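Visitor: Handing you a structure now.
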Amino acid sequence: MRNPFVYGKVARGECFADRAREVEELSADILAGQNVILFSPRRYGKTSLILEVLDRLRTQGVLTVYLDLFRITSEEEFVAAYAREIARLCGGGMKAVLKKVRELLPRLIPRVSLKGEGFEVEFTFDLRVEREPLLADLFEAVATIARERGRPAAVVFDEFQEIARWDKGEKIQRTMRAHFQHHPEVSYVFMGSKRHLMHELFQNKNRPFYRFGKHFPLGKIPKEEFAAFIRARFEATGFDVQQGVPERILELTENHPYYTQVLCHVLWDLFRDEGRLEAGHVELGVEEVIAREAHAFHELWDALPLKARQLLVALAKEGTPRVEIYSRAFLEKHNLGPPSSVQRAVERLLEDEVLERVNGEYEFTDVFFKRWLQRESP
Ligand SMILES: Nc1ncnc2c1ncn2[C@@H]1O[C@H](COP(=O)(O)OP(=O)(O)OP(=O)(O)O)[C@@H](O)[C@H]1O
Ligand SMILES: [Mg+2]
């Protein structure tokens, strides 16, 4: 039997814990043509959520485009990738698609390649061709298709903050905005996890996408909902789950979607033969996760300067993120020295994504790293 808990890839279908409220709200926004800026700390489930929402919207006739910018490193790659998604949207047989993309994107050169049962259209273009009209075609295409078919559309840019790496003069972003703002039939969704970068792109007055959409901060999965999901997944695969076990799991993972799946996955492997899960088992699962990760934790630790280490130990000892790290009480209690040096350590740890700022509090990105520190420190 397969382990029903997945991590490290998008959670779909059965693996997806409801998030009923978020699905509802996001779907309604998209159907209303609202632009949305969806953000959360790493691995909270943004991609899983949006793909779930897009699946549902497609069944209601919404045209959907999903583009992940994570591996895109230049304007040329971006143009080619977006054009490929537009071709996917065209629908119909090969001939019809080619005819449509020639009409919508006349400055791009399509090339058909066979893919499994079907086909895919890839694009290249003459690098000397004038960019403005080419980009105009590109950024109008989805709205044109939506209008022609009389259907709403949703265009999602995942890991959107990555655009800032190569769109240095903001030409692409400015052109996008100039076109997108005239498209009531299309909802544009921008997603990202690098909080400071997303903040910079959407909250800075001088940026093209300043206040371009509704801000949608994604939180963790509500405890009750997640506990029910965990119980159901264990029980469906033959486990007898003692009272309170899902709650204990969530306590130790602090409800974090990704790390909860990691722990559940490990517990499932450890106790599948027994077919029974008791509260006392949960700690054994944590031990196992930490043992598997210990090598990575050592390396991470090794690379950190002393002040950063001292701060992390202090935070791990406190246990809760609800600490005023620049308060005198905290600094003195843990012998951390002046606030300025702690500030440098904090910046470094945020940059390295060891810590994350969530609602003004500093949380460990990886709860098991915190557990490891709690275990290792005297
Ligand atoms: N609704 C959900 N139900 C169950 N598990 C989930 C859910 N959302 C996320 N997860 C867990 O969290 C992991 C990360 O999810 P996902 O990749 O969607 O997050 P993300 O916020 O897009 O991450 P990143 O910041 O890396 O882009 C999944 O592999 C899964 O283990
Ligand atoms: Mg993602």
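In the structure tokens, the first chain shown is A, the next is B, and so on; residue numbers restart at 1 for each chain, and ligands run from 1 in the order shown.
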Please check which protein, DNA or RNA residues sit within 12 Å of ligand 2, counting only C-alpha atoms and all ligand atoms, and write them as a count of residues only.
Guide: 37
Visitor: For A:Gln173, find every residue with an atom within 8 Å (counting only C-alpha atoms), except residues of its own chain fewer than 3 positions away, and show them as JSON, numbers by chain.
Guide: {"A": [167, 170, 176, 177, 208, 209]}
Visitor: Can I get the selected residues back with all heavy atoms, as a PDB file, in the first residue's frame?
Guide:
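Ended up saving to again.pdb:
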```
ATOM      1  N   ASP A 167      14.301  41.005 -15.092  1.00  0.00           N
ATOM      2  CA  ASP A 167      13.595  42.143 -15.674  1.00  0.00           C
ATOM      3  C   ASP A 167      14.085  43.418 -14.986  1.00  0.00           C
ATOM      4  O   ASP A 167      13.322  44.127 -14.343  1.00  0.00           O
ATOM      5  CB  ASP A 167      12.084  41.962 -15.475  1.00  0.00           C
ATOM      6  CG  ASP A 167      11.275  43.038 -16.199  1.00  0.00           C
ATOM      7  OD1 ASP A 167      11.752  43.550 -17.220  1.00  0.00           O
ATOM      8  OD2 ASP A 167      10.159  43.356 -15.734  1.00  0.00           O
ATOM      9  N   GLU A 170      12.557  46.686 -15.574  1.00  0.00           N
ATOM     10  CA  GLU A 170      11.105  46.541 -15.367  1.00  0.00           C
ATOM     11  C   GLU A 170      10.301  46.706 -16.642  1.00  0.00           C
ATOM     12  O   GLU A 170       9.111  47.009 -16.597  1.00  0.00           O
ATOM     13  CB  GLU A 170      10.599  47.544 -14.325  1.00  0.00           C
ATOM     14  CG  GLU A 170      11.205  47.343 -12.968  1.00  0.00           C
ATOM     15  CD  GLU A 170      10.732  48.386 -11.975  1.00  0.00           C
ATOM     16  OE1 GLU A 170      10.212  49.429 -12.396  1.00  0.00           O
ATOM     17  OE2 GLU A 170      10.888  48.148 -10.774  1.00  0.00           O
ATOM     18  N   MET A 176       3.401  44.475 -18.997  1.00  0.00           N
ATOM     19  CA  MET A 176       2.325  43.615 -18.482  1.00  0.00           C
ATOM     20  C   MET A 176       1.223  44.465 -17.882  1.00  0.00           C
ATOM     21  O   MET A 176       0.045  44.311 -18.201  1.00  0.00           O
ATOM     22  CB  MET A 176       2.871  42.670 -17.406  1.00  0.00           C
ATOM     23  CG  MET A 176       3.646  41.487 -17.918  1.00  0.00           C
ATOM     24  SD  MET A 176       4.500  40.685 -16.517  1.00  0.00           S
ATOM     25  CE  MET A 176       3.609  39.179 -16.430  1.00  0.00           C
ATOM     26  N   ARG A 177       1.626  45.358 -16.995  1.00  0.00           N
ATOM     27  CA  ARG A 177       0.608  46.164 -16.319  1.00  0.00           C
ATOM     28  C   ARG A 177      -0.208  46.979 -17.311  1.00  0.00           C
ATOM     29  O   ARG A 177      -1.433  47.050 -17.216  1.00  0.00           O
ATOM     30  CB  ARG A 177       1.253  47.098 -15.301  1.00  0.00           C
ATOM     31  CG  ARG A 177       0.172  47.932 -14.673  1.00  0.00           C
ATOM     32  CD  ARG A 177       0.517  48.786 -13.516  1.00  0.00           C
ATOM     33  NE  ARG A 177      -0.739  49.344 -13.033  1.00  0.00           N
ATOM     34  CZ  ARG A 177      -1.129  49.371 -11.785  1.00  0.00           C
ATOM     35  NH1 ARG A 177      -0.352  48.893 -10.851  1.00  0.00           N
ATOM     36  NH2 ARG A 177      -2.283  49.864 -11.457  1.00  0.00           N
ATOM     37  N   PRO A 208       5.860  48.986 -11.075  1.00  0.00           N
ATOM     38  CA  PRO A 208       4.718  48.904 -11.994  1.00  0.00           C
ATOM     39  C   PRO A 208       3.491  48.219 -11.385  1.00  0.00           C
ATOM     40  O   PRO A 208       2.359  48.576 -11.707  1.00  0.00           O
ATOM     41  CB  PRO A 208       5.259  48.069 -13.156  1.00  0.00           C
ATOM     42  CG  PRO A 208       6.734  48.141 -13.069  1.00  0.00           C
ATOM     43  CD  PRO A 208       7.082  48.406 -11.637  1.00  0.00           C
ATOM     44  N   PHE A 209       3.698  47.238 -10.513  1.00  0.00           N
ATOM     45  CA  PHE A 209       2.556  46.487  -9.998  1.00  0.00           C
ATOM     46  C   PHE A 209       2.068  46.977  -8.637  1.00  0.00           C
ATOM     47  O   PHE A 209       1.356  46.262  -7.935  1.00  0.00           O
ATOM     48  CB  PHE A 209       2.867  44.994  -9.952  1.00  0.00           C
ATOM     49  CG  PHE A 209       2.709  44.332 -11.286  1.00  0.00           C
ATOM     50  CD1 PHE A 209       3.798  43.787 -11.941  1.00  0.00           C
ATOM     51  CD2 PHE A 209       1.464  44.271 -11.892  1.00  0.00           C
ATOM     52  CE1 PHE A 209       3.653  43.187 -13.181  1.00  0.00           C
ATOM     53  CE2 PHE A 209       1.300  43.672 -13.131  1.00  0.00           C
ATOM     54  CZ  PHE A 209       2.395  43.138 -13.780  1.00  0.00           C
TER      55      PHE A 209
END
```
Visitor: Considering only C-alpha atoms, return as number ranges by chain whatever protein or nucleic-acid residues lie within 7 Å of stretch 182-188 of chain A, sequence-local ones (same chain, fewer than 5 positions apart) excluded.
Guide: A: 30, 33-36, 143, 146, 152-156
Visitor: Would you list the contacts of stretch 267-280 of chain A as a ChimeraX atom specification, taking every protein, DNA or RNA residue within 12 Å and counting only C-alpha atoms, but skipping same-chain residues closer than 5 positions in sequence?
Guide: /A:1-6,230-231,233-252,260-262,285-289
Visitor: Considering only alpha helix (DSSP H) as DSSP defines it on the backbone, what residues of stretch 88-265 of chain A qualify? List them as an NGL selection string.
Guide: :A and (88-90 or 94-104 or 131-149 or 163-166 or 171-180 or 195-203 or 223-236 or 245-253 or 257-265)
Visitor: May I ask which of the residues A:Asn255, A:Ser74, A:Thr124, A:Thr320 is the closest one to ligand 1, counting only C-alpha atoms and all ligand atoms?
Guide: A:Asn255
